[in-house]
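S.K.: The following file, query25.txt, comprises compact mmCIF, C-alpha atoms:
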# COMPACT_ATOMS: atom_id res chain seq x y z
CA PHE A 121 85.58 61.06 89.41
CA THR A 122 84.67 60.87 85.71
CA SER A 123 87.55 58.43 85.17
CA VAL A 124 86.29 56.28 88.07
CA THR A 125 82.83 56.09 86.48
CA SER A 126 84.39 55.19 83.12
CA MET A 127 86.47 52.41 84.69
CA ALA A 128 83.39 51.01 86.38
CA ALA A 129 81.52 50.94 83.07
CA ASN A 130 84.42 49.16 81.34
CA CYS A 131 84.58 46.55 84.06
CA ALA A 132 80.84 45.99 83.76
CA SER A 133 81.01 45.37 80.01
CA ASP A 134 83.67 42.62 80.40
CA ASP A 135 81.24 40.12 81.86
CA ALA A 136 78.57 39.45 79.18
CA GLU A 137 76.71 36.84 81.25
CA ALA A 138 76.10 39.30 84.12
CA ALA A 139 75.49 42.35 81.95
CA GLY A 140 72.27 43.33 83.63
CA GLU A 141 73.69 43.12 87.14
CA GLN A 142 76.88 44.89 86.21
CA GLU A 143 75.02 47.72 84.49
CA GLU A 144 72.96 48.23 87.61
CA GLU A 145 76.08 48.25 89.81
CA SER A 146 77.97 50.62 87.49
CA GLY A 147 74.95 52.90 87.43
CA ASP A 148 74.90 52.93 91.22
CA LEU A 149 78.63 53.66 91.32
CA GLY A 150 78.18 56.43 88.76
CA ASN A 151 75.44 58.01 90.84
CA GLU A 152 77.57 57.79 93.97
CA THR A 153 80.60 59.41 92.34
CA GLU A 154 78.44 62.17 90.85
CA LEU A 155 77.01 62.83 94.28
CA LEU A 156 80.51 62.84 95.77
CA GLU A 157 81.61 65.32 93.11
CA LYS A 158 78.84 67.69 94.12
CA VAL A 159 79.70 67.34 97.80
CA ILE A 160 83.36 68.13 97.14
CA GLU A 161 82.42 71.14 95.02
CA LYS A 162 80.21 72.47 97.83
CA LEU A 163 82.98 71.92 100.38
CA ALA A 164 85.43 73.78 98.16
CA THR A 165 82.96 76.66 97.84
CA LEU A 166 82.44 76.79 101.60
CA SER A 167 86.21 76.70 102.14
CA ALA A 168 86.70 79.63 99.76
CA ILE A 169 84.02 81.62 101.57
CA THR A 170 85.59 80.81 104.94
CA MET A 171 89.04 81.91 103.79
CA LYS A 172 87.62 85.29 102.81
CA THR A 173 86.12 85.84 106.24
CA SER A 174 87.64 86.01 109.69
CA PRO A 175 88.41 82.51 111.07
CA ILE A 176 88.08 83.86 114.60
CA ASP A 177 85.93 86.56 116.18
CA ALA A 178 87.33 89.56 118.03
CA GLU A 179 86.27 88.30 121.47
CA THR A 180 88.02 84.95 121.00
CA LEU A 181 91.11 86.63 119.58
CA GLU A 182 91.26 88.88 122.63
CA GLN A 183 91.33 85.83 124.92
CA LEU A 184 94.30 84.27 123.12
CA GLY A 185 97.80 84.60 124.45
CA GLU A 186 100.15 87.22 123.02
CA GLY A 187 102.17 84.61 121.11
CA ASP A 188 99.09 82.97 119.57
CA ARG A 189 97.74 86.33 118.40
CA ALA A 190 101.10 87.21 116.87
CA VAL A 191 101.18 83.96 114.87
CA LEU A 192 97.58 84.31 113.65
CA GLN A 193 97.95 87.96 112.72
CA GLY A 194 101.30 87.27 111.08
CA PHE A 195 99.87 84.62 108.74
CA SER A 196 96.42 86.17 108.19
CA PRO A 197 96.79 89.89 108.88
CA ASP A 198 94.02 90.92 106.47
CA HIS A 199 91.42 88.44 107.66
CA LEU A 200 91.60 88.75 111.45
CA PRO A 201 89.78 91.24 113.65
CA VAL A 202 92.06 93.51 115.61
CA ALA A 203 92.26 92.85 119.32
CA LYS A 204 91.57 96.16 121.04
CA ALA A 205 93.90 95.53 123.96
CA ARG A 206 96.74 94.65 121.57
CA GLU A 207 96.20 97.80 119.52
CA ASP A 208 96.07 99.94 122.68
CA ARG A 209 99.33 98.39 123.87
CA VAL A 210 101.08 98.85 120.54
CA SER A 211 99.85 102.43 120.35
CA ARG A 212 101.09 103.08 123.88
CA ILE A 213 104.59 101.70 123.47
CA SER A 214 105.03 103.19 119.97
CA ARG A 215 103.54 106.64 120.20
CA ASP A 216 106.97 108.22 120.58
CA SER A 217 108.50 106.32 117.66
CA GLY A 218 105.94 106.60 114.87
CA SER A 219 104.18 103.67 113.23
CA SER A 220 103.51 100.63 115.42
CA ARG A 221 103.86 98.26 112.47
CA GLY A 222 107.21 99.41 111.23
CA LEU A 223 108.49 102.18 109.03
CA PRO A 224 106.76 103.25 105.84
CA GLU A 225 108.72 102.31 102.76
CA ASP A 226 110.03 105.84 102.09
CA HIS A 227 111.22 106.17 105.73
CA THR A 228 113.02 102.86 105.47
CA ASP A 229 115.16 104.26 102.64
CA GLU A 230 115.89 107.33 104.76
CA LEU A 231 116.85 105.16 107.73
CA VAL A 232 119.14 102.96 105.65
CA THR A 233 120.85 106.09 104.28
CA THR A 234 121.42 107.31 107.84
CA LEU A 235 122.84 103.98 108.93
CA GLU A 236 125.07 103.75 105.86
CA ALA A 237 126.62 107.05 106.91
CA HIS A 238 127.40 105.60 110.35
CA LEU A 239 128.90 102.48 108.82
CA GLU A 240 131.06 104.41 106.38
CA GLU A 241 132.75 106.04 109.37
CA ALA A 242 133.98 102.60 110.38
CA GLY A 243 134.77 101.34 106.89
CA LEU A 244 131.72 99.05 106.66
CA VAL A 245 128.98 98.85 104.04
CA TRP A 246 125.28 98.21 104.55
CA GLY A 247 125.30 95.37 102.02
CA LEU A 248 127.69 93.39 104.24
CA VAL A 249 125.96 94.19 107.54
CA ASP A 250 122.55 93.27 106.12
CA SER A 251 123.68 89.83 104.92
CA TRP A 252 124.79 86.46 106.29
CA ASP A 253 128.35 87.25 105.15
CA PHE A 254 128.85 89.52 108.16
CA ASN A 255 131.56 88.09 110.43
CA ALA A 256 132.11 89.66 113.85
CA LEU A 257 135.58 88.09 114.07
CA GLU A 258 136.89 89.75 110.92
CA ILE A 259 136.25 93.39 111.89
CA GLY A 260 137.73 95.76 114.46
CA GLU A 261 136.28 96.67 117.86
CA GLN A 262 135.02 100.08 116.74
CA GLN A 263 133.35 98.45 113.76
CA ARG A 264 131.63 95.95 116.05
CA HIS A 265 130.30 98.80 118.17
CA LEU A 266 128.95 100.72 115.19
CA ALA A 267 127.45 97.57 113.69
CA CYS A 268 125.55 96.92 116.95
CA LEU A 269 124.39 100.54 116.94
CA CYS A 270 122.95 100.01 113.45
CA PHE A 271 121.26 96.75 114.48
CA ILE A 272 119.51 98.53 117.35
CA VAL A 273 118.65 101.77 115.55
CA PHE A 274 117.21 99.98 112.51
CA HIS A 275 114.47 98.42 114.62
CA LEU A 276 114.05 101.46 116.84
CA GLY A 277 113.30 103.63 113.82
CA LEU A 278 113.91 107.27 112.98
CA GLY A 279 112.54 108.49 116.31
CA TYR A 280 116.00 108.51 117.90
CA THR A 281 117.99 111.72 118.53
CA SER A 282 121.68 112.52 118.80
CA LYS A 283 121.32 112.29 122.59
CA GLN A 284 119.84 108.79 122.23
CA GLN A 285 122.68 107.85 119.90
CA ALA A 286 125.22 108.82 122.57
CA THR A 287 123.27 106.78 125.13
CA LEU A 288 123.12 103.76 122.81
CA MET A 289 126.86 103.91 122.16
CA ALA A 290 127.56 104.17 125.90
CA PHE A 291 125.30 101.15 126.45
CA ILE A 292 127.08 99.13 123.75
CA GLU A 293 130.52 100.01 125.11
CA ALA A 294 129.46 99.09 128.66
CA ALA A 295 127.97 95.81 127.43
CA ALA A 296 131.18 94.95 125.57
CA ALA A 297 133.19 95.62 128.73
CA GLY A 298 130.86 93.34 130.68
CA TYR A 299 131.84 90.25 128.68
CA SER A 300 134.77 88.10 129.72
CA ASP A 301 138.10 88.14 127.91
CA PRO A 302 138.00 85.76 124.89
CA ARG A 303 141.23 84.17 126.11
CA ARG A 304 139.44 83.08 129.29
CA VAL A 305 136.00 82.45 127.79
CA PRO A 306 136.58 81.44 124.15
CA TYR A 307 132.91 81.19 123.12
CA HIS A 308 130.46 83.16 125.29
CA ASN A 309 132.27 86.45 124.81
CA TRP A 310 131.67 89.81 123.09
CA TYR A 311 132.29 88.36 119.62
CA HIS A 312 129.49 85.87 120.23
CA ALA A 313 127.20 88.66 121.46
CA VAL A 314 127.73 90.70 118.29
CA ASP A 315 127.17 87.60 116.16
CA VAL A 316 123.88 86.76 117.92
CA THR A 317 122.73 90.38 117.76
CA HIS A 318 123.34 90.34 114.02
CA CYS A 319 121.34 87.12 113.67
CA VAL A 320 118.40 88.59 115.62
CA PHE A 321 118.56 91.73 113.47
CA ARG A 322 118.54 89.67 110.26
CA LEU A 323 115.81 87.24 111.36
CA LEU A 324 113.53 90.11 112.40
CA ASN A 325 113.98 91.53 108.90
CA LEU A 326 113.49 88.25 107.06
CA CYS A 327 110.39 87.33 109.10
CA ALA A 328 108.72 90.70 108.37
CA SER A 329 108.41 91.14 112.13
CA GLU A 330 107.11 94.70 111.67
CA ARG A 331 103.76 93.08 110.81
CA PHE A 332 103.28 91.75 114.33
CA LEU A 333 105.84 93.46 116.58
CA SER A 334 106.04 97.14 117.43
CA ASN A 335 109.19 99.26 117.10
CA TYR A 336 109.89 99.02 120.82
CA GLU A 337 109.32 95.27 120.97
CA ARG A 338 111.89 94.77 118.20
CA PHE A 339 114.17 97.27 119.92
CA ALA A 340 113.87 95.26 123.15
CA LEU A 341 114.72 92.00 121.36
CA VAL A 342 117.87 93.40 119.73
CA THR A 343 118.93 95.07 122.98
CA SER A 344 118.44 91.75 124.78
CA ALA A 345 120.65 90.03 122.22
CA VAL A 346 123.49 92.45 122.99
CA CYS A 347 123.44 91.41 126.68
CA HIS A 348 122.10 87.87 126.44
CA ASP A 349 125.39 86.31 127.69
CA ILE A 350 126.96 89.27 129.51
CA GLY A 351 129.18 88.20 132.40
CA HIS A 352 129.24 84.56 131.29
CA PRO A 353 131.93 82.71 133.27
CA GLY A 354 132.43 79.99 130.66
CA MET A 355 130.65 77.27 132.64
CA ASN A 356 127.13 75.96 132.08
CA ASN A 357 124.18 75.84 134.47
CA PRO A 358 124.53 72.16 135.47
CA PHE A 359 128.15 72.77 136.49
CA LEU A 360 127.20 75.84 138.53
CA ILE A 361 124.41 73.94 140.27
CA GLU A 362 126.52 70.83 140.99
CA THR A 363 129.35 72.90 142.44
CA ALA A 364 127.01 75.14 144.47
CA HIS A 365 128.33 78.22 142.68
CA GLU A 366 127.27 81.57 144.12
CA LEU A 367 125.05 82.19 141.06
CA ALA A 368 123.22 78.90 141.60
CA ILE A 369 122.71 79.76 145.26
CA ARG A 370 121.53 83.30 144.43
CA TYR A 371 118.97 82.13 141.89
CA ASN A 372 117.93 78.89 143.65
CA ASP A 373 119.23 76.63 140.85
CA HIS A 374 116.72 78.11 138.37
CA SER A 375 118.60 79.17 135.21
CA PRO A 376 121.32 80.96 137.20
CA LEU A 377 123.21 82.16 134.12
CA GLU A 378 120.18 83.56 132.30
CA ASN A 379 118.88 85.27 135.43
CA MET A 380 122.30 86.82 135.94
CA HIS A 381 122.42 88.06 132.32
CA CYS A 382 119.00 89.71 132.76
CA ALA A 383 120.06 91.35 136.00
CA LYS A 384 123.24 92.73 134.45
CA LEU A 385 121.29 94.13 131.47
CA PHE A 386 119.01 96.12 133.77
CA GLU A 387 121.94 97.19 135.93
CA LEU A 388 123.45 98.74 132.79
CA VAL A 389 120.28 100.55 131.73
CA SER A 390 119.78 101.86 135.27
CA HIS A 391 122.81 104.15 134.85
CA PRO A 392 121.88 107.54 133.32
CA LYS A 393 124.74 107.39 130.81
CA SER A 394 123.58 104.07 129.33
CA ALA A 395 119.84 104.32 130.07
CA VAL A 396 118.59 103.18 126.66
CA PHE A 397 115.06 102.77 128.08
CA GLY A 398 115.16 106.16 129.79
CA SER A 399 112.74 107.83 127.37
CA LEU A 400 109.98 105.29 128.06
CA ASP A 401 107.12 106.00 130.42
CA ARG A 402 106.35 103.63 133.29
CA GLN A 403 104.03 101.30 131.35
CA GLN A 404 106.26 101.23 128.27
CA TYR A 405 109.23 100.32 130.45
CA LYS A 406 107.27 97.47 132.06
CA ASP A 407 106.31 96.10 128.62
CA VAL A 408 109.86 96.34 127.25
CA ARG A 409 111.33 94.84 130.43
CA GLN A 410 108.99 91.86 130.10
CA VAL A 411 110.13 91.27 126.49
CA CYS A 412 113.79 91.40 127.55
CA ILE A 413 113.32 89.01 130.45
CA GLU A 414 111.35 86.49 128.37
CA ALA A 415 113.88 86.66 125.52
CA ILE A 416 116.96 86.10 127.68
CA LEU A 417 115.43 83.47 129.96
CA HIS A 418 114.43 81.47 126.88
CA THR A 419 118.06 81.23 125.73
Using structure tokens, write down the structure that the file contains.

M.R.:
Amino acid sequence: FTSVTSMAANCASDDAEAAGEQEEESGDLGNETELLEKVIEKLATLSAITMKTSPIDAETLEQLGEGDRAVLQGFSPDHLPVAKAREDRVSRISRDSGSSRGLPEDHTDELVTTLEAHLEEAGLVWGLVDSWDFNALEIGEQQRHLACLCFIVFHLGLGYTSKQQATLMAFIEAAAAGYSDPRRVPYHNWYHAVDVTHCVFRLLNLCASERFLSNYERFALVTSAVCHDIGHPGMNNPFLIETAHELAIRYNDHSPLENMHCAKLFELVSHPKSAVFGSLDRQQYKDVRQVCIEAILHT
């Protein structure tokens, strides 16, 4: 604004015959720019004050949808009031697994050490699994199973026991068996499932999802990834609908494949041997089931 005032003064001095008029105009322009400077400074001050306070009150935050609250709290976690219902829900679904916002830093190291031991059994290293260099096609079947176990356990946390580990492995093996032979279905097969599960695992890490998702919500997302295409016949929804396939008839032409994948996931977890949600109480199971259904139907 100082440079604008200076330019106005220079322009005014160029016309000697209208010096008086130009001086008056430049003075007016100078006053206007000075006033504008003060207005901008006050706006900047108000903006700084606003940024240090909550942009939304607790009552309004409570009325927002779950997704909107997650976004707001993810970007401004220190400046937003905590929605009581959200905290109650997180506390409820996480009370058996420790912190609702993820593992403390020292526990993360302990968890990684535990997972590294599992991976070493299969000849894998954590540095490869926790990177984009991981390739599900270049490793053996047992390695794929153990890698999926690590993806799930990492977001479940240290609350799991040896009994849970056996259940998780049984679930992974049953899920792998539920996918079609790669020779018949070259893309939507078990290799693809492992690849997608790895991507979900990595993205949850890179997005710092522990800031806005509980242990069990992340656990549900990774578990959903394992079964997101289970039983895929190698044909898409439009084909199934146009040919009046039994899946299209069963699900009334509404995302027949995705509905089938969801159903098969919960068929698996209904068996005691692979009941990965078996330790959850009724409300926890309802919450986790909702996450799984939403995740798979949105694929």

S.K.: Would you list the residues near (117.3, 84.7, 133.4) (no more than 10 Å away, in the coordinates of the file, using only C-alpha atoms) as a PyMOL selection string?

M.R.: chain A and resi 348+371+374-383+412-419

S.K.: Could you work out an axis-aligned bounding box for all listed atoms of stretch 323-327 of chain A, with 3 Å added on each of the six sides, and give its centre and edge lengths in Å to one decimal, as lines of an AutoDock Vina configuration file?

M.R.:
center_x = 113.1
center_y = 89.4
center_z = 109.7
size_x = 11.4
size_y = 10.3
size_z = 11.3

S.K.: From the list A:Phe254, A:Arg402, A:Ser300, A:Thr287, which residue is nearest A:Ile272 when using only C-alpha atoms?

M.R.: A:Thr287

S.K.: Atom CA of A:Pro302 and atom CA of A:Leu323, how far apart in Å?

M.R.: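 If I compute the distance from atom CA of A:Leu323 to atom CA of A:Pro302, I get 26.0 Å.
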
S.K.: Between atom CA of A:Leu288 and atom CA of A:Phe321, measure the distance and give it in Å to one decimal.

M.R.: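 The value is 15.9 Å.
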
S.K.: Let me make sure I understand: among A:Ala297, A:Val305, A:Ala290, A:Leu235, which one has the smallest atom-to-atom distance to A:Pro353 if we use only C-alpha atoms?

M.R.: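 Among A:Ala297, A:Val305, A:Ala290, A:Leu235, it is A:Val305 that comes nearest to A:Pro353.
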
S.K.: Would you compute the distance between atom CA of A:Ala296 and atom CA of A:Arg264? Give it in Å to one decimal.

M.R.: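 We find that atom CA of A:Ala296 and atom CA of A:Arg264 lie 9.6 Å from each other.
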